[in-house]
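**Q** This is query32.txt, which holds compact mmCIF, C-alpha atoms and all ligand atoms:
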# COMPACT_ATOMS: atom_id res chain seq x y z
CA MET X 1 10.43 52.05 33.99
CA HIS X 2 6.98 50.82 33.04
CA VAL X 3 7.14 48.67 29.91
CA PHE X 4 4.10 47.63 27.90
CA GLY X 5 3.90 45.17 25.05
CA LEU X 6 2.42 45.87 21.63
CA THR X 7 1.68 43.01 19.28
CA GLY X 8 -0.62 41.84 16.53
CA GLY X 9 -0.57 39.47 13.61
CA ILE X 10 0.65 39.90 10.07
CA ALA X 11 -1.15 42.89 8.49
CA SER X 12 -3.33 43.49 11.56
CA GLY X 13 -2.10 47.07 11.75
CA LYS X 14 0.64 46.88 14.38
CA SER X 15 2.91 49.24 12.43
CA THR X 16 0.00 51.63 12.01
CA VAL X 17 -0.75 51.60 15.75
CA SER X 18 2.94 51.90 16.59
CA ARG X 19 3.08 55.05 14.47
CA MET X 20 0.01 56.46 16.22
CA LEU X 21 1.60 55.79 19.61
CA ARG X 22 4.76 57.61 18.55
CA GLU X 23 2.65 60.53 17.36
CA LEU X 24 1.19 60.68 20.86
CA GLY X 25 4.71 60.92 22.26
CA ALA X 26 5.18 57.32 23.29
CA ARG X 27 8.67 55.91 23.06
CA VAL X 28 8.34 52.64 21.16
CA LEU X 29 11.17 50.13 21.03
CA ASP X 30 10.89 47.89 17.97
CA ALA X 31 12.06 44.29 18.39
CA ASP X 32 12.53 43.87 14.63
CA VAL X 33 14.80 46.90 14.47
CA ILE X 34 16.82 45.68 17.46
CA ALA X 35 17.10 42.21 15.92
CA ARG X 36 18.62 43.78 12.80
CA GLU X 37 20.93 46.08 14.77
CA VAL X 38 22.52 43.24 16.74
CA VAL X 39 23.68 41.54 13.53
CA GLU X 40 25.03 44.66 11.80
CA PRO X 41 28.59 44.40 10.47
CA GLY X 42 31.11 44.58 13.30
CA THR X 43 28.79 43.28 16.01
CA PRO X 44 29.59 40.28 18.22
CA GLY X 45 26.22 38.90 17.09
CA LEU X 46 27.26 38.75 13.45
CA GLN X 47 30.66 37.32 14.42
CA SER X 48 28.99 34.46 16.32
CA ILE X 49 26.64 33.77 13.41
CA ARG X 50 29.55 33.74 10.98
CA GLU X 51 31.33 31.14 13.11
CA ARG X 52 28.29 28.92 13.58
CA PHE X 53 26.88 29.25 10.04
CA PRO X 54 29.80 29.54 7.60
CA GLY X 55 29.07 31.33 4.35
CA VAL X 56 26.12 33.41 5.50
CA VAL X 57 27.98 36.72 5.47
CA GLY X 58 28.03 38.26 2.00
CA PRO X 59 30.98 39.93 0.28
CA ASP X 60 29.62 43.26 1.51
CA GLY X 61 30.13 42.09 5.09
CA ARG X 62 26.41 41.97 5.78
CA LEU X 63 24.28 39.05 6.85
CA ASP X 64 22.80 37.25 3.84
CA ARG X 65 19.34 36.47 5.17
CA VAL X 66 18.43 34.27 2.25
CA LYS X 67 21.44 32.02 2.87
CA LEU X 68 20.82 32.02 6.60
CA GLY X 69 17.19 31.18 5.96
CA ALA X 70 18.25 28.18 3.90
CA HIS X 71 20.32 26.91 6.87
CA ILE X 72 17.51 27.13 9.39
CA PHE X 73 14.51 26.45 7.17
CA ALA X 74 12.82 23.24 8.30
CA ASP X 75 15.58 22.54 10.82
CA PRO X 76 14.47 23.33 14.37
CA ALA X 77 17.89 22.53 15.86
CA GLU X 78 19.62 25.02 13.58
CA ARG X 79 16.93 27.60 14.28
CA ALA X 80 17.43 27.06 18.00
CA ALA X 81 21.17 27.53 17.53
CA LEU X 82 20.53 30.84 15.76
CA ASN X 83 18.10 31.97 18.45
CA ALA X 84 20.63 31.08 21.14
CA ILE X 85 22.99 33.57 19.51
CA VAL X 86 20.53 36.32 18.65
CA HIS X 87 18.13 36.35 21.60
CA PRO X 88 20.67 37.24 24.32
CA GLN X 89 22.00 40.00 22.07
CA VAL X 90 18.49 41.37 21.55
CA ARG X 91 17.81 41.18 25.27
CA ALA X 92 21.01 43.06 26.11
CA ALA X 93 20.35 45.72 23.45
CA PHE X 94 16.78 46.12 24.71
CA MET X 95 17.99 46.62 28.29
CA GLU X 96 20.53 49.17 27.07
CA LYS X 97 17.87 51.12 25.21
CA LEU X 98 15.61 51.09 28.25
CA ALA X 99 18.44 52.40 30.39
CA ALA X 100 19.05 55.19 27.87
CA LEU X 101 15.36 56.14 27.98
CA GLU X 102 15.44 56.06 31.76
CA ALA X 103 18.44 58.40 31.71
CA GLU X 104 16.30 60.79 29.64
CA GLY X 105 13.66 60.71 32.35
CA ILE X 106 11.24 58.54 30.41
CA THR X 107 9.01 56.53 32.74
CA HIS X 108 6.76 54.60 30.30
CA ALA X 109 7.80 52.75 27.16
CA VAL X 110 6.22 50.40 24.65
CA TYR X 111 7.92 47.29 23.29
CA ASP X 112 6.67 46.38 19.81
CA VAL X 113 7.22 42.65 19.31
CA PRO X 114 5.59 40.57 16.55
CA LEU X 115 6.02 37.32 18.49
CA LEU X 116 5.41 38.78 21.95
CA ILE X 117 2.94 36.10 22.98
CA GLU X 118 4.50 33.16 21.12
CA THR X 119 7.78 33.78 22.95
CA GLY X 120 6.09 34.20 26.33
CA LEU X 121 7.57 37.68 26.68
CA HIS X 122 4.09 39.10 27.28
CA THR X 123 4.29 37.79 30.85
CA ALA X 124 7.17 40.20 31.53
CA MET X 125 5.12 43.23 30.44
CA GLU X 126 3.01 45.42 32.71
CA GLY X 127 0.26 45.28 30.14
CA VAL X 128 -0.24 44.08 26.60
CA ALA X 129 -2.01 45.80 23.69
CA VAL X 130 -3.10 43.48 20.88
CA VAL X 131 -4.01 44.99 17.52
CA TRP X 132 -6.92 42.88 16.39
CA VAL X 133 -8.97 42.60 13.21
CA PRO X 134 -11.33 39.82 12.08
CA ARG X 135 -9.54 37.14 10.11
CA GLU X 136 -11.20 38.09 6.83
CA VAL X 137 -10.06 41.70 7.17
CA GLN X 138 -6.56 40.52 8.06
CA LYS X 139 -6.49 38.29 4.99
CA ALA X 140 -7.79 41.02 2.66
CA ARG X 141 -5.28 43.62 3.92
CA LEU X 142 -2.45 41.11 3.71
CA MET X 143 -3.35 40.29 0.09
CA VAL X 144 -3.40 43.96 -0.88
CA ARG X 145 -0.28 45.01 1.04
CA ASP X 146 1.93 42.11 -0.01
CA GLY X 147 0.38 41.36 -3.39
CA LEU X 148 -0.58 37.81 -2.40
CA ASP X 149 -3.34 35.59 -3.74
CA ALA X 150 -5.88 34.12 -1.32
CA GLN X 151 -4.02 30.82 -0.97
CA ALA X 152 -0.67 32.43 -0.16
CA ALA X 153 -2.35 34.75 2.34
CA GLU X 154 -4.09 31.79 3.99
CA ALA X 155 -0.78 29.96 4.27
CA ARG X 156 0.81 32.90 6.07
CA LEU X 157 -2.13 33.26 8.42
CA ALA X 158 -2.14 29.53 9.16
CA ALA X 159 1.54 29.70 10.18
CA GLN X 160 0.73 32.18 12.98
CA LEU X 161 -1.08 32.14 16.25
CA SER X 162 -4.47 33.66 15.41
CA LEU X 163 -5.46 37.12 16.57
CA ASP X 164 -8.42 35.55 18.36
CA ASP X 165 -5.92 33.51 20.39
CA LYS X 166 -3.64 36.47 20.96
CA ARG X 167 -6.42 38.69 22.22
CA GLN X 168 -6.96 36.24 25.08
CA HIS X 169 -3.69 37.58 26.50
CA ALA X 170 -4.48 41.23 25.94
CA THR X 171 -4.83 43.86 28.61
CA TRP X 172 -6.15 46.11 25.84
CA VAL X 173 -7.59 45.04 22.49
CA ILE X 174 -7.26 47.66 19.76
CA ASP X 175 -9.89 46.91 17.11
CA ASN X 176 -8.37 48.09 13.85
CA SER X 177 -11.12 46.75 11.60
CA GLY X 178 -12.58 50.17 10.88
CA ALA X 179 -11.00 53.25 9.37
CA PRO X 180 -7.80 54.61 10.94
CA GLU X 181 -9.95 57.41 12.37
CA ALA X 182 -11.74 54.76 14.42
CA THR X 183 -8.48 53.23 15.61
CA ARG X 184 -6.82 56.46 16.72
CA PRO X 185 -9.07 57.20 19.75
CA GLN X 186 -8.58 53.62 20.94
CA VAL X 187 -4.83 54.08 20.74
CA GLU X 188 -5.14 57.34 22.66
CA ALA X 189 -7.14 55.59 25.37
CA VAL X 190 -4.60 52.77 25.62
CA TRP X 191 -1.69 55.20 25.86
CA ARG X 192 -3.52 57.13 28.60
CA ALA X 193 -4.12 53.85 30.45
CA MET X 194 -0.44 52.97 30.12
CA LEU X 195 0.58 56.37 31.50
CA ALA X 196 -1.81 55.87 34.41
CA HIS X 197 0.24 52.85 35.53
CA GLY X 198 2.63 53.60 38.38
P1 LIG X 201 1.27 45.05 10.51
O1 LIG X 201 2.35 45.99 10.96
O2 LIG X 201 0.46 44.51 11.64
O3 LIG X 201 1.75 43.96 9.60
P2 LIG X 201 0.27 47.30 8.92
O4 LIG X 201 0.22 48.42 9.89
O5 LIG X 201 1.38 47.28 7.92
O6 LIG X 201 0.21 45.88 9.66
O7 LIG X 201 -1.13 47.24 8.16
C1 LIG X 201 -1.39 46.26 7.18
C2 LIG X 201 -1.99 46.91 5.94
O8 LIG X 201 -3.29 47.36 6.24
C3 LIG X 201 -1.22 48.09 5.44
O9 LIG X 201 -1.29 48.12 4.04
C4 LIG X 201 -1.96 49.28 6.06
O10 LIG X 201 -1.82 50.43 5.27
C5 LIG X 201 -3.37 48.77 6.07
N1 LIG X 201 -4.14 49.27 7.21
C6 LIG X 201 -3.76 49.31 8.50
N2 LIG X 201 -4.74 49.82 9.28
C7 LIG X 201 -5.78 50.07 8.45
C8 LIG X 201 -7.11 50.59 8.67
N3 LIG X 201 -7.58 50.92 9.89
N4 LIG X 201 -7.90 50.71 7.58
C9 LIG X 201 -7.48 50.38 6.36
N5 LIG X 201 -6.24 49.88 6.10
C10 LIG X 201 -5.41 49.73 7.13
Do you think you could lay out the structure here as structure tokens?
**A**
Amino acid sequence: MHVFGLTGGIASGKSTVSRMLRELGARVLDADVIAREVVEPGTPGLQSIRERFPGVVGPDGRLDRVKLGAHIFADPAERAALNAIVHPQVRAAFMEKLAALEAEGITHAVYDVPLLIETGLHTAMEGVAVVWVPREVQKARLMVRDGLDAQAAEARLAAQLSLDDKRQHATWVIDNSGAPEATRPQVEAVWRAMLAHG
């Protein structure tokens, strides 16, 4: 199985590119989706969280992310404890999904991970596509999409590794600063390049 990373920054257009890849027939595994699946009611992941962080499971049996956030906010040790529970579960679920794709005869897959580079996972990929836009475009799209003022948007951007930093690690940079019609052919070229591997 050839696995390629897809990442970007907040509001850079990663979801948009992911959708384009799927339209081209790419099988895209989404790290955010997997991270939610492994803490669904009844999972060992949620059970471990319940034991380590009492009170974070709501009356509906689901993880109360606001309560959990309050536990780990501004406490790196608690955040590390949460990651130590969740990350192995995500890794195992990811491997399972890859095996299922392999059983279908799929040879090339894309792993969509917001923090691909921050976590160092990009080094495990055969190639990395970074969805890039200039910072001002990123800020403007973030403000519109999430209804933020300039200051709030700046704060969110400042909390992330910049796209200019991320692109240093890219095998392919997808420039999403133009119209979607300008992004699509780039995505097609990247998918063709991915398929050409192996
Ligand atoms: P991400 O998944 O990286 O956070 P999205 O794909 O949600 O980003 O895109 C962020 C916002 O910008 C969304 O509102 C989306 O509709 C818009 N957007 C994405 N690509 C473009 C583009 N090429 N031109 C104009 N708007 C775009």
**Q** Smallest atom-to-atom distance to ligand LIG 201 (chain X): which of X:Gly105, X:Pro54, X:Gly8, X:Gly69, using all atoms listed in the file?
**A**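 Using all atoms listed in the file, ligand LIG 201 (chain X) sits closest to X:Gly8.
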**Q** Using all atoms listed in the file, find the one residue out of X:Leu68, X:Ala155, X:Val130, X:Val56 that sits nearest to ligand LIG 201 (chain X).
**A**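 Nearest to ligand LIG 201 (chain X): X:Val130.
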**Q** Hey, which bits of chain X sit within 8 Å of ligand LIG 201 (chain X), and for each residue what's the closest pair of atoms and how far apart in Å (one decimal), counting only C-alpha atoms and all ligand atoms, rows by chain and increasing number, as JSON lines?
**A**
{"residue": "X:Thr7", "atom": "CA", "partner": "X:LIG201", "partner_atom": "O2", "distance": 7.9}
{"residue": "X:Gly8", "atom": "CA", "partner": "X:LIG201", "partner_atom": "O2", "distance": 5.7}
{"residue": "X:Gly9", "atom": "CA", "partner": "X:LIG201", "partner_atom": "O2", "distance": 5.5}
{"residue": "X:Ile10", "atom": "CA", "partner": "X:LIG201", "partner_atom": "O3", "distance": 4.2}
{"residue": "X:Ala11", "atom": "CA", "partner": "X:LIG201", "partner_atom": "O3", "distance": 3.3}
{"residue": "X:Ser12", "atom": "CA", "partner": "X:LIG201", "partner_atom": "O2", "distance": 3.9}
{"residue": "X:Gly13", "atom": "CA", "partner": "X:LIG201", "partner_atom": "O4", "distance": 3.3}
{"residue": "X:Lys14", "atom": "CA", "partner": "X:LIG201", "partner_atom": "O2", "distance": 3.6}
{"residue": "X:Ser15", "atom": "CA", "partner": "X:LIG201", "partner_atom": "O1", "distance": 3.6}
{"residue": "X:Thr16", "atom": "CA", "partner": "X:LIG201", "partner_atom": "O4", "distance": 3.9}
{"residue": "X:Val17", "atom": "CA", "partner": "X:LIG201", "partner_atom": "O4", "distance": 6.7}
{"residue": "X:Val131", "atom": "CA", "partner": "X:LIG201", "partner_atom": "O2", "distance": 7.4}
{"residue": "X:Gln138", "atom": "CA", "partner": "X:LIG201", "partner_atom": "C1", "distance": 7.8}
{"residue": "X:Arg141", "atom": "CA", "partner": "X:LIG201", "partner_atom": "O8", "distance": 4.8}
{"residue": "X:Leu142", "atom": "CA", "partner": "X:LIG201", "partner_atom": "C2", "distance": 6.2}
{"residue": "X:Val144", "atom": "CA", "partner": "X:LIG201", "partner_atom": "O9", "distance": 6.8}
{"residue": "X:Arg145", "atom": "CA", "partner": "X:LIG201", "partner_atom": "O9", "distance": 4.4}
{"residue": "X:Asp146", "atom": "CA", "partner": "X:LIG201", "partner_atom": "O9", "distance": 7.9}
{"residue": "X:Asn176", "atom": "CA", "partner": "X:LIG201", "partner_atom": "N3", "distance": 4.9}
{"residue": "X:Ser177", "atom": "CA", "partner": "X:LIG201", "partner_atom": "N3", "distance": 5.7}
{"residue": "X:Gly178", "atom": "CA", "partner": "X:LIG201", "partner_atom": "N3", "distance": 5.2}
{"residue": "X:Ala179", "atom": "CA", "partner": "X:LIG201", "partner_atom": "N3", "distance": 4.2}
{"residue": "X:Pro180", "atom": "CA", "partner": "X:LIG201", "partner_atom": "N3", "distance": 3.8}
{"residue": "X:Glu181", "atom": "CA", "partner": "X:LIG201", "partner_atom": "N3", "distance": 7.3}
{"residue": "X:Ala182", "atom": "CA", "partner": "X:LIG201", "partner_atom": "N3", "distance": 7.3}
{"residue": "X:Thr183", "atom": "CA", "partner": "X:LIG201", "partner_atom": "N3", "distance": 6.2}
**Q** Applying 10 Å and all atoms listed in the file, which residues near X:Gly55 remain after dropping the ones on its own chain fewer than 6 positions away? List them as an MDAnalysis selection string.
**A** chainID X and resid 49 63:64 67:68
**Q** Please determine, counting all atoms listed in the file, which residue among X:Val190, X:Ala77, X:Ala31, X:Leu148 has the shortest atom-to-atom distance to X:Arg91.
**A**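 Result for the nearest residue to X:Arg91: X:Ala31.
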**Q** Would you compute the distance between atom CA of X:Val113 and atom CA of X:Asp32? Give it in Å to one decimal.
**A**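 Computing it gives 7.2 Å between the two atoms.
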**Q** Atom CA of X:Val128 and atom CA of X:Ser18 are how many Å apart?
**A**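 Atom CA of X:Val128 sits 13.1 Å away from atom CA of X:Ser18.
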**Q** When distances are computed from only C-alpha atoms, which of X:Gly25, X:Gly61, X:Arg135, X:His108 shows the smallest separation from X:Ala196?
**A**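 Under the stated criterion, the closest residue is X:His108.
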**Q** Find the distance between atom CA of X:Leu115 and atom CA of X:Ala158 and write it in Å to one decimal.
**A**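 Distance reported for this atom pair: 14.6 Å.
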**Q** For X:Met95, please output as a VMD selection string all residues within 12 Å (counting all atoms listed in the file; exclusion window: fewer than 5 positions along the same chain).
**A** chain X and resid 1 3 29 31 34 88 to 90 100 to 102 109 111
**Q** Using only C-alpha atoms, determine which residues lie at most 8 Å from X:Val39, disregarding the query and same-chain residues fewer than 6 positions distant; provide the list as a list in words.
**A**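 Contacts, in chain order: Gly45, Leu46, Leu63 and Val86 of chain X.
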**Q** Could you dump the residues just selected with C-alpha atoms as a CSV table (one decimal), in the frame of the given file?
**A**
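Final output, out.csv:
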chain,number,residue,atom,x,y,z
X,45,GLY,CA,26.2,38.9,17.1
X,46,LEU,CA,27.3,38.8,13.4
X,63,LEU,CA,24.3,39.0,6.8
X,86,VAL,CA,20.5,36.3,18.6
**Q** Fewer than 6 positions away in the same chain doesn't count, so skip those; otherwise give me all residues within 9 Å of X:His2, counting only C-alpha atoms, as an MDAnalysis selection string.
**A** chainID X and resid 107:110 125:126 194:195 197:198
**Q** For a quick check of understanding, using all atoms listed in the file, which of X:His169, X:Phe4, X:Asn83, X:Gly42 has the smallest distance to X:Gly120?
**A** X:His169
**Q** Restricting the calculation to all atoms listed in the file, which member of X:Ala129, X:Asp112, X:Glu37, X:Leu161 is positioned closest to X:Arg19?
**A**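 So, comparing all the options, the nearest one is X:Asp112.
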